[in-house]
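First up is the structure itself, then whatever we jot down about it.
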Amino acid sequence: MKNDTPHELNPDQEIGRLIDEVMSSSLTDEQYRKKMQRRKEVQDKRIAEAVPEKGLIIVNTGNGKGKTTAALGMVLRSLGHGYKVAIIQFIKGSWEPSEKRVFSYWEDQIEFHAMGEGFTWETQDRDRDLDKASAAWEKSLEYIRNPDFHLVLLDEINIALKMAYLPVEDVLAGLAQKPANKHVILTGRGAPAALIERADLVTEMTLVKHPFRDQGVKAQPGIEY
């Protein structure tokens, strides 16, 4: 069977093409084996050429659930490797999150600061929200600059940016001060375009169905908090 891989395909395109082809039921066992062998060659080459380590700016945004949850998964991985982690919550704070209780088991590795006073429709005080966001950002900068912390999670900071509680220029300037190997995660819907442009990894959670919106189900322990 001839090698018909177009030279202009980048690795992602070639892998995508190979996946489409192996899903065909018309392939013989030998054709399938060769396709998968080629996919392994492409993937192995990409891994061999990859940069071994780089501190990432990670943005979890979108209207769907799971932005903070995904970030907390990275927090757990970092803790499992023995790294120090800092979490600063920009909006939540008027209630005690269960995550804070769980992370108390790693109290020698983690710093957790819930610095908001609840959602904006609950506080109903823009000046106080601005002050709280500013204080949370100043605390965030301490950990962003501190080389001892491997990962910093800025939870719901995108909402603070969207509400103009923080200038996006200040946040971008602060991120530029992080050590080269430090990871910073920024969560919340409405991430500004300038932050998305600067980020290394951006995931948008898409809302398809939601139990509160569609069924009137309240937030539940273990799911939302």
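FYI, nothing fancy with the structure tokens labels: chains A, B, ... in order, residues from 1 per chain, ligands from 1 as they appear.
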
Write out as number ranges by chain which residues come within 8 Å of Ala135 (chain A) when counting only C-alpha atoms, dropping same-chain ones fewer than 4 positions away. A: 115, 131, 139

Emit the selected residues as a tab-separated table (two decimals), in the first residue's frame, including N, CA and C atoms.
```tsv
chain	number	residue	atom	x	y	z
A	115	MET	N	-11.19	35.31	48.96
A	115	MET	CA	-11.13	36.73	49.25
A	115	MET	C	-12.32	37.53	48.74
A	131	ASP	N	-12.77	46.92	45.76
A	131	ASP	CA	-11.74	46.82	46.79
A	131	ASP	C	-11.33	45.38	47.02
A	139	LYS	N	-2.76	39.98	46.51
A	139	LYS	CA	-2.37	38.69	47.11
A	139	LYS	C	-1.90	37.72	46.02
```

Write out as JSON lines the residues of region 28-49 of chain A that have any atom within 9 Å of an atom of region 11-14 of chain A, one row each with the nearest atom pair and its distance in Å to one decimal, counting only C-alpha atoms, sorted by chain and then rising number.
```
{"residue": "A:Arg39", "atom": "CA", "partner": "A:Glu14", "partner_atom": "CA", "distance": 8.0}
{"residue": "A:Val42", "atom": "CA", "partner": "A:Pro11", "partner_atom": "CA", "distance": 6.5}
{"residue": "A:Gln43", "atom": "CA", "partner": "A:Pro11", "partner_atom": "CA", "distance": 7.8}
{"residue": "A:Arg46", "atom": "CA", "partner": "A:Pro11", "partner_atom": "CA", "distance": 7.6}
```

Taking 3 positions as the minimum chain separation for residues in the same chain, which residues sit within 10 Å of region 98-107 of chain A when counting only C-alpha atoms? Answer as an MDAnalysis selection string. chainID A and resid 69 72 75:76 79:80 82 84:85 87 95 110:114 221:222 224:225

Run DSSP on the backbone of this structure and report the residues of region 19-224 of chain A it assigns to alpha helix (DSSP H), as a ChimeraX atom specification. /A:19-22,29-49,67-80,98-103,120-123,126-145,157-162,168-175,193-198,211-215

Given the choices A:Asp127, A:Ala194, A:Lys65, A:Ser78, which gets closest to Arg213 (chain A) if the distance is worked out from only C-alpha atoms? A:Lys65

Just the residues within 9 Å of region 175-189 of chain A, please, counting only C-alpha atoms, with nothing from its chain fewer than 4 positions along; format it as number ranges by chain. A: 53-64, 67-68, 71, 141, 143-147, 149-160, 162, 170-171, 204-205

I need the residue nearest Leu161 (chain A) from this list: A:Pro52, A:Ser140, A:Asp148, A:Gly190. Use only C-alpha atoms for the distance. A:Gly190

Distance of CA of Gly66 (chain A) from CA of Gln109 (chain A), expressed in Å to one decimal place: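 Interatomic distance, CA of Gln109 (chain A) to CA of Gly66 (chain A): 23.9 Å.
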
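Here CA of Ile15 (chain A) stands at a distance of 21.2 Å from CA of Val202 (chain A).
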
Please, what distance in Å, to one decimal, runs between CA of Met23 (chain A) and CA of Glu41 (chain A)?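 Here the two named atoms are 18.6 Å from each other.
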
If DSSP is run on the backbone, what residues of chain A are strand (DSSP E or B)? A reply as a ChimeraX atom specification would be ideal. /A:57-61,85-89,110-114,151-155,183-187,201-204

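Comparing the minimum interatomic distances between Leu195 (chain A) and each of A:Arg33, A:Leu18, A:Ser134, A:Pro167, counting only C-alpha atoms, we find that A:Pro167 sits nearest.
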
Of the residues A:Pro192, A:Gly73, A:Pro211, A:Gly174, which is the one nearest to Glu142 (chain A), using only C-alpha atoms? A:Gly174
